[in-house]
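Engineer: Structure supplied as input-v7.txt; contents: compact mmCIF, N, CA and C atoms.
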```txt
# COMPACT_ATOMS: atom_id res chain seq x y z
N MET V 250 8.62 15.11 -28.32
CA MET V 250 9.15 14.73 -27.01
C MET V 250 10.26 13.70 -27.20
N ALA V 251 11.11 13.60 -26.21
CA ALA V 251 12.28 12.71 -26.31
C ALA V 251 11.91 11.23 -26.19
N GLY V 252 10.65 10.91 -25.92
CA GLY V 252 10.26 9.54 -25.67
C GLY V 252 9.97 8.72 -26.91
N ASP V 253 10.22 9.26 -28.09
CA ASP V 253 9.83 8.59 -29.32
C ASP V 253 10.48 7.23 -29.51
N GLU V 254 11.77 7.12 -29.20
CA GLU V 254 12.49 5.88 -29.49
C GLU V 254 12.73 5.05 -28.23
N ILE V 255 11.94 5.28 -27.21
CA ILE V 255 12.17 4.58 -25.95
C ILE V 255 11.56 3.18 -26.02
N ARG V 256 12.38 2.20 -25.72
CA ARG V 256 11.91 0.82 -25.68
C ARG V 256 11.41 0.50 -24.27
N ARG V 257 10.59 -0.51 -24.16
CA ARG V 257 9.94 -0.84 -22.89
C ARG V 257 10.91 -1.39 -21.84
N ASN V 258 12.10 -1.80 -22.26
CA ASN V 258 13.04 -2.37 -21.28
C ASN V 258 14.18 -1.40 -20.95
N MET V 259 14.06 -0.15 -21.37
CA MET V 259 15.11 0.82 -21.07
C MET V 259 14.99 1.32 -19.63
N ALA V 260 16.10 1.30 -18.92
CA ALA V 260 16.15 1.75 -17.53
C ALA V 260 16.10 3.28 -17.50
N LEU V 261 14.96 3.84 -17.10
CA LEU V 261 14.79 5.28 -17.15
C LEU V 261 14.31 5.89 -15.83
N PHE V 262 13.56 5.13 -15.05
CA PHE V 262 12.81 5.74 -13.95
C PHE V 262 13.41 5.43 -12.58
N PRO V 263 13.79 6.47 -11.83
CA PRO V 263 14.28 6.25 -10.47
C PRO V 263 13.14 5.80 -9.56
N ILE V 264 13.50 5.23 -8.43
CA ILE V 264 12.52 4.62 -7.54
C ILE V 264 11.49 5.63 -7.04
N GLY V 265 11.88 6.90 -6.88
CA GLY V 265 10.93 7.91 -6.39
C GLY V 265 9.73 8.08 -7.31
N ILE V 266 9.98 8.11 -8.61
CA ILE V 266 8.89 8.24 -9.58
C ILE V 266 8.03 6.98 -9.56
N VAL V 267 8.66 5.83 -9.50
CA VAL V 267 7.93 4.56 -9.48
C VAL V 267 7.05 4.46 -8.23
N MET V 268 7.58 4.91 -7.09
CA MET V 268 6.80 4.89 -5.85
C MET V 268 5.56 5.77 -5.97
N LYS V 269 5.71 6.95 -6.55
CA LYS V 269 4.56 7.87 -6.69
C LYS V 269 3.47 7.27 -7.56
N LEU V 270 3.86 6.64 -8.65
CA LEU V 270 2.86 6.16 -9.60
C LEU V 270 2.28 4.79 -9.27
N THR V 271 2.94 4.04 -8.43
CA THR V 271 2.41 2.72 -8.07
C THR V 271 1.81 2.70 -6.67
N ASP V 272 2.07 3.74 -5.88
CA ASP V 272 1.67 3.78 -4.46
C ASP V 272 2.30 2.63 -3.67
N LEU V 273 3.46 2.19 -4.09
CA LEU V 273 4.21 1.18 -3.34
C LEU V 273 5.35 1.88 -2.61
N THR V 274 5.77 1.32 -1.48
CA THR V 274 6.89 1.89 -0.76
C THR V 274 8.20 1.33 -1.32
N ALA V 275 9.29 2.01 -1.02
CA ALA V 275 10.60 1.52 -1.45
C ALA V 275 10.85 0.13 -0.88
N ARG V 276 10.41 -0.09 0.34
CA ARG V 276 10.60 -1.39 0.98
C ARG V 276 9.85 -2.49 0.22
N GLN V 277 8.60 -2.20 -0.18
CA GLN V 277 7.84 -3.19 -0.95
C GLN V 277 8.53 -3.49 -2.28
N ILE V 278 8.98 -2.45 -2.94
CA ILE V 278 9.63 -2.62 -4.25
C ILE V 278 10.90 -3.46 -4.09
N ARG V 279 11.69 -3.18 -3.06
CA ARG V 279 12.91 -3.98 -2.81
C ARG V 279 12.56 -5.43 -2.50
N TYR V 280 11.47 -5.63 -1.77
CA TYR V 280 11.02 -6.99 -1.43
C TYR V 280 10.68 -7.78 -2.70
N TYR V 281 9.97 -7.16 -3.63
CA TYR V 281 9.62 -7.84 -4.87
C TYR V 281 10.87 -8.09 -5.72
N GLU V 282 11.82 -7.21 -5.61
CA GLU V 282 13.09 -7.42 -6.31
C GLU V 282 13.83 -8.61 -5.70
N GLN V 283 13.84 -8.71 -4.37
CA GLN V 283 14.49 -9.85 -3.69
C GLN V 283 13.89 -11.17 -4.15
N HIS V 284 12.59 -11.17 -4.39
CA HIS V 284 11.91 -12.38 -4.83
C HIS V 284 11.96 -12.57 -6.34
N GLU V 285 12.79 -11.77 -7.02
CA GLU V 285 13.03 -11.88 -8.46
C GLU V 285 11.78 -11.71 -9.31
N LEU V 286 10.82 -10.93 -8.80
CA LEU V 286 9.63 -10.63 -9.58
C LEU V 286 9.87 -9.42 -10.48
N ILE V 287 10.80 -8.57 -10.08
CA ILE V 287 11.27 -7.49 -10.93
C ILE V 287 12.79 -7.49 -10.85
N GLN V 288 13.40 -6.89 -11.83
CA GLN V 288 14.86 -6.83 -11.83
C GLN V 288 15.30 -5.51 -12.46
N PRO V 289 15.20 -4.43 -11.66
CA PRO V 289 15.63 -3.14 -12.20
C PRO V 289 17.13 -3.15 -12.48
N ALA V 290 17.54 -2.29 -13.37
CA ALA V 290 18.97 -2.15 -13.66
C ALA V 290 19.59 -1.30 -12.55
N ARG V 291 20.91 -1.37 -12.45
CA ARG V 291 21.64 -0.58 -11.44
C ARG V 291 22.66 0.30 -12.14
N THR V 292 22.74 1.55 -11.66
CA THR V 292 23.76 2.45 -12.18
C THR V 292 25.10 2.09 -11.53
N ALA V 293 26.16 2.73 -11.99
CA ALA V 293 27.48 2.51 -11.39
C ALA V 293 27.45 2.86 -9.90
N GLY V 294 26.60 3.82 -9.53
CA GLY V 294 26.46 4.20 -8.13
C GLY V 294 25.44 3.35 -7.38
N ASN V 295 24.99 2.25 -7.98
CA ASN V 295 24.06 1.27 -7.40
C ASN V 295 22.63 1.80 -7.24
N GLN V 296 22.27 2.85 -7.96
CA GLN V 296 20.90 3.34 -7.93
C GLN V 296 20.04 2.45 -8.82
N ARG V 297 18.86 2.08 -8.33
CA ARG V 297 17.93 1.30 -9.14
C ARG V 297 17.28 2.21 -10.19
N LEU V 298 17.20 1.69 -11.40
CA LEU V 298 16.46 2.37 -12.47
C LEU V 298 15.49 1.37 -13.08
N PHE V 299 14.25 1.79 -13.24
CA PHE V 299 13.18 0.90 -13.66
C PHE V 299 12.75 1.21 -15.09
N SER V 300 12.25 0.17 -15.76
CA SER V 300 11.74 0.31 -17.13
C SER V 300 10.21 0.29 -17.09
N PHE V 301 9.59 0.56 -18.24
CA PHE V 301 8.13 0.41 -18.34
C PHE V 301 7.71 -1.00 -17.92
N ASN V 302 8.47 -2.01 -18.38
CA ASN V 302 8.14 -3.40 -18.04
C ASN V 302 8.14 -3.62 -16.53
N ASP V 303 9.15 -3.07 -15.84
CA ASP V 303 9.23 -3.22 -14.38
C ASP V 303 8.00 -2.63 -13.71
N VAL V 304 7.62 -1.43 -14.12
CA VAL V 304 6.49 -0.75 -13.50
C VAL V 304 5.19 -1.52 -13.77
N GLU V 305 5.05 -2.02 -14.98
CA GLU V 305 3.87 -2.82 -15.32
C GLU V 305 3.79 -4.06 -14.42
N ARG V 306 4.92 -4.72 -14.23
CA ARG V 306 4.95 -5.90 -13.35
C ARG V 306 4.60 -5.53 -11.92
N LEU V 307 5.12 -4.40 -11.44
CA LEU V 307 4.80 -3.96 -10.08
C LEU V 307 3.30 -3.73 -9.92
N LEU V 308 2.68 -3.14 -10.91
CA LEU V 308 1.23 -2.91 -10.84
C LEU V 308 0.45 -4.22 -10.85
N GLU V 309 0.94 -5.19 -11.60
CA GLU V 309 0.29 -6.51 -11.62
C GLU V 309 0.45 -7.19 -10.26
N ILE V 310 1.64 -7.08 -9.67
CA ILE V 310 1.88 -7.64 -8.33
C ILE V 310 0.95 -6.99 -7.32
N LYS V 311 0.86 -5.67 -7.39
CA LYS V 311 0.00 -4.93 -6.46
C LYS V 311 -1.46 -5.38 -6.59
N ALA V 312 -1.92 -5.57 -7.81
CA ALA V 312 -3.30 -6.01 -8.04
C ALA V 312 -3.53 -7.39 -7.43
N LEU V 313 -2.55 -8.28 -7.56
CA LEU V 313 -2.68 -9.62 -6.99
C LEU V 313 -2.70 -9.56 -5.46
N ILE V 314 -1.83 -8.75 -4.88
CA ILE V 314 -1.79 -8.60 -3.42
C ILE V 314 -3.15 -8.10 -2.92
N GLU V 315 -3.70 -7.11 -3.62
CA GLU V 315 -5.00 -6.55 -3.22
C GLU V 315 -6.12 -7.57 -3.33
N LYS V 316 -5.93 -8.58 -4.18
CA LYS V 316 -6.93 -9.65 -4.30
C LYS V 316 -6.70 -10.76 -3.28
N GLY V 317 -5.66 -10.62 -2.46
CA GLY V 317 -5.41 -11.59 -1.41
C GLY V 317 -4.44 -12.70 -1.78
N VAL V 318 -3.78 -12.59 -2.93
CA VAL V 318 -2.81 -13.62 -3.33
C VAL V 318 -1.49 -13.36 -2.61
N ASN V 319 -0.93 -14.40 -2.00
CA ASN V 319 0.34 -14.22 -1.28
C ASN V 319 1.52 -14.30 -2.26
N ILE V 320 2.71 -14.06 -1.73
CA ILE V 320 3.91 -13.99 -2.58
C ILE V 320 4.17 -15.32 -3.30
N ALA V 321 3.87 -16.44 -2.64
CA ALA V 321 4.06 -17.75 -3.28
C ALA V 321 3.12 -17.90 -4.48
N GLY V 322 1.88 -17.46 -4.31
CA GLY V 322 0.92 -17.51 -5.42
C GLY V 322 1.33 -16.60 -6.56
N ILE V 323 1.84 -15.42 -6.20
CA ILE V 323 2.29 -14.47 -7.23
C ILE V 323 3.44 -15.07 -8.02
N LYS V 324 4.34 -15.74 -7.33
CA LYS V 324 5.48 -16.37 -8.02
C LYS V 324 5.01 -17.45 -8.99
N GLN V 325 3.93 -18.14 -8.64
CA GLN V 325 3.41 -19.17 -9.55
C GLN V 325 2.75 -18.54 -10.77
N VAL V 326 2.06 -17.43 -10.56
CA VAL V 326 1.35 -16.76 -11.65
C VAL V 326 2.32 -16.03 -12.58
N MET V 327 3.28 -15.34 -11.99
CA MET V 327 4.21 -14.53 -12.77
C MET V 327 5.55 -15.22 -12.85
N ASN V 328 6.03 -15.41 -14.05
CA ASN V 328 7.36 -15.99 -14.21
C ASN V 328 8.41 -15.07 -13.62
N PRO V 329 9.49 -15.63 -13.09
CA PRO V 329 10.60 -14.76 -12.68
C PRO V 329 11.09 -13.96 -13.88
N VAL V 330 11.65 -12.80 -13.61
CA VAL V 330 12.16 -11.94 -14.68
C VAL V 330 13.16 -12.75 -15.51
N GLY V 331 13.06 -12.63 -16.81
CA GLY V 331 13.98 -13.34 -17.70
C GLY V 331 13.37 -14.62 -18.25
N ASN V 332 12.40 -15.20 -17.54
CA ASN V 332 11.75 -16.42 -18.03
C ASN V 332 10.49 -16.10 -18.82
N GLY V 333 9.99 -14.87 -18.69
CA GLY V 333 8.78 -14.48 -19.39
C GLY V 333 9.09 -13.89 -20.74
N SER V 334 8.13 -13.18 -21.25
CA SER V 334 8.31 -12.59 -22.58
C SER V 334 8.98 -11.22 -22.53
N ASP V 335 8.99 -10.58 -21.36
CA ASP V 335 9.58 -9.25 -21.25
C ASP V 335 11.10 -9.33 -21.28
N GLU V 336 11.70 -8.39 -21.97
CA GLU V 336 13.16 -8.31 -22.00
C GLU V 336 13.64 -7.74 -20.66
N PRO V 337 14.82 -8.16 -20.20
CA PRO V 337 15.33 -7.60 -18.95
C PRO V 337 15.61 -6.10 -19.10
N THR V 338 15.53 -5.40 -17.99
CA THR V 338 15.80 -3.96 -17.98
C THR V 338 17.27 -3.72 -18.25
N VAL V 339 17.56 -2.78 -19.14
CA VAL V 339 18.95 -2.52 -19.51
C VAL V 339 19.31 -1.05 -19.36
N ILE V 340 20.54 -0.84 -18.93
CA ILE V 340 21.15 0.49 -19.00
C ILE V 340 22.18 0.40 -20.12
N ASN V 341 22.00 1.25 -21.11
CA ASN V 341 22.99 1.30 -22.19
C ASN V 341 23.16 2.76 -22.58
N GLU V 342 23.97 2.99 -23.56
CA GLU V 342 24.24 4.37 -23.96
C GLU V 342 22.96 5.09 -24.38
N GLN V 343 22.11 4.39 -25.11
CA GLN V 343 20.86 5.00 -25.57
C GLN V 343 19.94 5.36 -24.40
N SER V 344 19.82 4.46 -23.41
CA SER V 344 18.95 4.76 -22.27
C SER V 344 19.52 5.88 -21.42
N GLU V 345 20.84 5.93 -21.28
CA GLU V 345 21.47 7.00 -20.51
C GLU V 345 21.27 8.36 -21.18
N VAL V 346 21.38 8.39 -22.51
CA VAL V 346 21.16 9.64 -23.24
C VAL V 346 19.72 10.11 -23.04
N LYS V 347 18.77 9.20 -23.20
CA LYS V 347 17.35 9.55 -23.03
C LYS V 347 17.09 10.05 -21.61
N ARG V 348 17.67 9.38 -20.64
CA ARG V 348 17.43 9.75 -19.24
C ARG V 348 18.00 11.13 -18.94
N ARG V 349 19.17 11.42 -19.48
CA ARG V 349 19.78 12.74 -19.26
C ARG V 349 19.03 13.85 -19.98
N GLU V 350 18.41 13.50 -21.12
CA GLU V 350 17.67 14.50 -21.90
C GLU V 350 16.41 14.96 -21.16
N MET V 351 15.87 14.13 -20.31
CA MET V 351 14.56 14.38 -19.72
C MET V 351 14.67 14.68 -18.23
N SER V 352 13.88 15.64 -17.79
CA SER V 352 13.82 15.96 -16.36
C SER V 352 12.98 14.89 -15.65
N ASP V 353 13.06 14.86 -14.32
CA ASP V 353 12.23 13.92 -13.57
C ASP V 353 10.75 14.14 -13.85
N SER V 354 10.35 15.40 -13.98
CA SER V 354 8.92 15.67 -14.24
C SER V 354 8.51 15.15 -15.62
N GLN V 355 9.41 15.25 -16.61
CA GLN V 355 9.10 14.70 -17.94
C GLN V 355 9.02 13.17 -17.88
N LEU V 356 9.95 12.55 -17.15
CA LEU V 356 9.92 11.09 -17.01
C LEU V 356 8.64 10.66 -16.31
N HIS V 357 8.26 11.38 -15.26
CA HIS V 357 7.05 11.08 -14.49
C HIS V 357 5.83 11.15 -15.41
N ARG V 358 5.76 12.23 -16.20
CA ARG V 358 4.63 12.43 -17.10
C ARG V 358 4.57 11.34 -18.16
N MET V 359 5.74 10.99 -18.71
CA MET V 359 5.80 9.96 -19.75
C MET V 359 5.35 8.60 -19.20
N LEU V 360 5.82 8.25 -18.00
CA LEU V 360 5.44 6.97 -17.40
C LEU V 360 3.96 6.96 -17.08
N LYS V 361 3.45 8.06 -16.52
CA LYS V 361 2.03 8.14 -16.19
C LYS V 361 1.18 8.00 -17.44
N GLN V 362 1.58 8.68 -18.51
CA GLN V 362 0.85 8.61 -19.78
C GLN V 362 0.83 7.18 -20.31
N GLN V 363 1.97 6.50 -20.22
CA GLN V 363 2.07 5.12 -20.69
C GLN V 363 1.15 4.21 -19.88
N LEU V 364 1.12 4.42 -18.56
CA LEU V 364 0.29 3.58 -17.69
C LEU V 364 -1.19 3.85 -17.92
N MET V 365 -1.54 5.12 -18.16
CA MET V 365 -2.95 5.46 -18.37
C MET V 365 -3.47 4.92 -19.70
N SER V 366 -2.57 4.78 -20.67
CA SER V 366 -3.01 4.31 -21.98
C SER V 366 -3.29 2.82 -21.98
N GLY V 367 -2.93 2.14 -20.92
CA GLY V 367 -3.24 0.73 -20.80
C GLY V 367 -2.20 -0.17 -21.41
N LYS V 368 -2.60 -1.39 -21.64
CA LYS V 368 -1.71 -2.43 -22.15
C LYS V 368 -1.33 -2.19 -23.60
N ARG V 369 -0.27 -2.82 -23.97
CA ARG V 369 0.13 -2.81 -25.38
C ARG V 369 -0.95 -3.50 -26.18
N PRO V 370 -1.19 -3.06 -27.40
CA PRO V 370 -2.22 -3.70 -28.23
C PRO V 370 -1.93 -5.19 -28.41
N GLY V 371 -2.95 -5.99 -28.20
CA GLY V 371 -2.81 -7.42 -28.40
C GLY V 371 -2.14 -8.16 -27.26
N GLN V 372 -1.69 -7.45 -26.25
CA GLN V 372 -1.01 -8.12 -25.15
C GLN V 372 -2.04 -8.65 -24.15
N VAL V 373 -1.87 -9.87 -23.76
CA VAL V 373 -2.71 -10.45 -22.72
C VAL V 373 -1.98 -10.27 -21.41
N SER V 374 -2.68 -9.84 -20.40
CA SER V 374 -2.06 -9.67 -19.08
C SER V 374 -1.47 -10.99 -18.63
N LEU V 375 -0.35 -10.91 -17.93
CA LEU V 375 0.29 -12.11 -17.40
C LEU V 375 -0.63 -12.86 -16.46
N ILE V 376 -1.53 -12.12 -15.79
CA ILE V 376 -2.35 -12.77 -14.77
C ILE V 376 -3.73 -13.17 -15.27
N GLN V 377 -4.07 -12.78 -16.49
CA GLN V 377 -5.40 -13.09 -17.01
C GLN V 377 -5.59 -14.60 -17.09
N GLY V 378 -6.66 -15.07 -16.48
CA GLY V 378 -6.97 -16.49 -16.54
C GLY V 378 -6.19 -17.34 -15.56
N GLU V 379 -5.23 -16.77 -14.87
CA GLU V 379 -4.42 -17.54 -13.95
C GLU V 379 -4.95 -17.49 -12.52
N LEU V 380 -5.82 -16.54 -12.23
CA LEU V 380 -6.26 -16.35 -10.85
C LEU V 380 -7.28 -17.38 -10.38
N SER V 381 -7.97 -18.01 -11.28
CA SER V 381 -9.08 -18.90 -10.90
C SER V 381 -8.63 -20.01 -9.95
N ARG V 382 -7.41 -20.46 -10.07
CA ARG V 382 -6.96 -21.56 -9.20
C ARG V 382 -6.69 -21.11 -7.76
N PHE V 383 -6.67 -19.80 -7.52
CA PHE V 383 -6.43 -19.31 -6.17
C PHE V 383 -7.71 -18.96 -5.42
N PHE V 384 -8.83 -18.98 -6.10
CA PHE V 384 -10.09 -18.61 -5.48
C PHE V 384 -11.10 -19.73 -5.67
N LYS V 385 -11.82 -20.04 -4.60
CA LYS V 385 -12.86 -21.06 -4.70
C LYS V 385 -14.13 -20.42 -5.24
N THR V 386 -14.75 -21.09 -6.17
CA THR V 386 -16.02 -20.58 -6.70
C THR V 386 -17.14 -21.25 -5.95
N LYS V 387 -18.21 -20.51 -5.76
CA LYS V 387 -19.35 -21.03 -5.00
C LYS V 387 -20.37 -21.65 -5.90
```
Spit out the file's structure as structure tokens when you get a sec.

Structural biologist:
Amino acid sequence: MAGDEIRRNMALFPIGIVMKLTDLTARQIRYYEQHELIQPARTAGNQRLFSFNDVERLLEIKALIEKGVNIAGIKQVMNPVGNGSDEPTVINEQSEVKRREMSDSQLHRMLKQQLMSGKRPGQVSLIQGELSRFFKTK
């Protein structure tokens, strides 16, 4: 498959695929982008393209929202893009070639497979251990 040399910060996924796999609306995704929690790359035509890192962050944001954490709390837990360990999403010649090589259904399948396989080995979730300060223990 064409996904062999794909790095986690390569801009590959259009918003439609990201919406399907995260169950977030375009409006929600744009809102999180406005708050600098994600920073997808933009094509020359201003289309957003997301990386594995972006989608992972969106899923972490969604999990926090479902636990009742508001946007201010999420901002405290998650560093703004660029301040954390994840590389910013990039569009470059290599990512454009990979994106053109693959159909939307192949991209969808690749992203879904990556998400189902879980976290990178040895990676600690950004939110692990950070939630305790937002919830009172009895």

Engineer: Calculated over only N, CA and C atoms, which of the candidates V:Gln283, V:Asn319, V:Asn258, V:Thr271 has the smallest distance to V:Pro337?

Structural biologist: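 Of V:Gln283, V:Asn319, V:Asn258, V:Thr271, the one nearest V:Pro337 is V:Asn258, counting only N, CA and C atoms.
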
Engineer: Between atom CA of V:Ile323 and atom CA of V:Met259, what is the distance, to one decimal in Å?

Structural biologist: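 These atoms are spaced 24.3 Å apart.
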
Engineer: Using Å and a single decimal, report how far atom CA of V:Val304 sits from atom CA of V:Leu286.

Structural biologist: 11.1 Å

Engineer: Give as a list in words the set of residues within 7 Å of the point (17.1, 0.8, -19.6), where distances use the file's coordinates and only N, CA and C atoms.

Structural biologist: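 Using only N, CA and C atoms, the matching residues come out as Arg257, Asn258, Met259, Ala260, Leu261, Ala290, Leu298, Phe299, Ser300, Thr338, Val339, Ile340, Asn341, Ser344 and Glu345 of chain V.
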
Engineer: Which value, in Å to one decimal, gives the distance between atom C of V:Glu315 and atom C of V:His357?

Structural biologist: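 Computed distance, atom C of V:Glu315 to atom C of V:His357, equals 25.3 Å.
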
Engineer: Using all atoms listed in the file, find the one residue out of V:Ile287, V:Phe262, V:Arg358, V:Ser366 that sits nearest to V:Leu307.

Structural biologist: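 Going through V:Ile287, V:Phe262, V:Arg358, V:Ser366 one by one, the smallest distance to V:Leu307 is for V:Ile287.
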
Engineer: Write down as number ranges by chain the residues belonging to stretch 279-374 of chain V that are assigned strand (DSSP E or B) by DSSP computed on the backbone.

Structural biologist: V: 290-291, 297-299, 339

Engineer: For V:Ile266, which of V:Leu308, V:Pro289, V:Leu356, V:Gly322 is the closest residue, counting all atoms listed in the file?

Structural biologist: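 Checking each candidate against V:Ile266, we get V:Leu356 as the closest.
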
Engineer: Just asking: which residues within stretch 284-318 of chain V are helix (DSSP H, G or I) according to DSSP, as a PyMOL selection string?

Structural biologist: chain V and resi 301-315

Engineer: Can you write just those residues out, N, CA and C atoms, as a PDB file, in the frame of the given file?

Structural biologist:
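The resulting file, again25.pdb, is shown below:
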```pdb
ATOM      1  N   PHE V 301       9.590   0.560 -18.240  1.00  0.00           N
ATOM      2  CA  PHE V 301       8.130   0.410 -18.340  1.00  0.00           C
ATOM      3  C   PHE V 301       7.710  -1.000 -17.920  1.00  0.00           C
ATOM      4  N   ASN V 302       8.470  -2.010 -18.380  1.00  0.00           N
ATOM      5  CA  ASN V 302       8.140  -3.400 -18.040  1.00  0.00           C
ATOM      6  C   ASN V 302       8.140  -3.620 -16.530  1.00  0.00           C
ATOM      7  N   ASP V 303       9.150  -3.070 -15.840  1.00  0.00           N
ATOM      8  CA  ASP V 303       9.230  -3.220 -14.380  1.00  0.00           C
ATOM      9  C   ASP V 303       8.000  -2.630 -13.710  1.00  0.00           C
ATOM     10  N   VAL V 304       7.620  -1.430 -14.120  1.00  0.00           N
ATOM     11  CA  VAL V 304       6.490  -0.750 -13.500  1.00  0.00           C
ATOM     12  C   VAL V 304       5.190  -1.520 -13.770  1.00  0.00           C
ATOM     13  N   GLU V 305       5.050  -2.020 -14.980  1.00  0.00           N
ATOM     14  CA  GLU V 305       3.870  -2.820 -15.320  1.00  0.00           C
ATOM     15  C   GLU V 305       3.790  -4.060 -14.420  1.00  0.00           C
ATOM     16  N   ARG V 306       4.920  -4.720 -14.230  1.00  0.00           N
ATOM     17  CA  ARG V 306       4.950  -5.900 -13.350  1.00  0.00           C
ATOM     18  C   ARG V 306       4.600  -5.530 -11.920  1.00  0.00           C
ATOM     19  N   LEU V 307       5.120  -4.400 -11.440  1.00  0.00           N
ATOM     20  CA  LEU V 307       4.800  -3.960 -10.080  1.00  0.00           C
ATOM     21  C   LEU V 307       3.300  -3.730  -9.920  1.00  0.00           C
ATOM     22  N   LEU V 308       2.680  -3.140 -10.910  1.00  0.00           N
ATOM     23  CA  LEU V 308       1.230  -2.910 -10.840  1.00  0.00           C
ATOM     24  C   LEU V 308       0.450  -4.220 -10.850  1.00  0.00           C
ATOM     25  N   GLU V 309       0.940  -5.190 -11.600  1.00  0.00           N
ATOM     26  CA  GLU V 309       0.290  -6.510 -11.620  1.00  0.00           C
ATOM     27  C   GLU V 309       0.450  -7.190 -10.260  1.00  0.00           C
ATOM     28  N   ILE V 310       1.640  -7.080  -9.670  1.00  0.00           N
ATOM     29  CA  ILE V 310       1.880  -7.640  -8.330  1.00  0.00           C
ATOM     30  C   ILE V 310       0.950  -6.990  -7.320  1.00  0.00           C
ATOM     31  N   LYS V 311       0.860  -5.670  -7.390  1.00  0.00           N
ATOM     32  CA  LYS V 311       0.000  -4.930  -6.460  1.00  0.00           C
ATOM     33  C   LYS V 311      -1.460  -5.380  -6.590  1.00  0.00           C
ATOM     34  N   ALA V 312      -1.920  -5.570  -7.810  1.00  0.00           N
ATOM     35  CA  ALA V 312      -3.300  -6.010  -8.040  1.00  0.00           C
ATOM     36  C   ALA V 312      -3.530  -7.390  -7.430  1.00  0.00           C
ATOM     37  N   LEU V 313      -2.550  -8.280  -7.560  1.00  0.00           N
ATOM     38  CA  LEU V 313      -2.680  -9.620  -6.990  1.00  0.00           C
ATOM     39  C   LEU V 313      -2.700  -9.560  -5.460  1.00  0.00           C
ATOM     40  N   ILE V 314      -1.830  -8.750  -4.880  1.00  0.00           N
ATOM     41  CA  ILE V 314      -1.790  -8.600  -3.420  1.00  0.00           C
ATOM     42  C   ILE V 314      -3.150  -8.100  -2.920  1.00  0.00           C
ATOM     43  N   GLU V 315      -3.700  -7.110  -3.620  1.00  0.00           N
ATOM     44  CA  GLU V 315      -5.000  -6.550  -3.220  1.00  0.00           C
ATOM     45  C   GLU V 315      -6.120  -7.570  -3.330  1.00  0.00           C
TER      46      GLU V 315
END
```

Engineer: For V:Asp303, which residue among V:Tyr281, V:Lys324, V:Thr274, V:Gln355 is the nearest when counting only C-alpha atoms?

Structural biologist: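 With only C-alpha atoms as the atom set, the closest residue is V:Tyr281.
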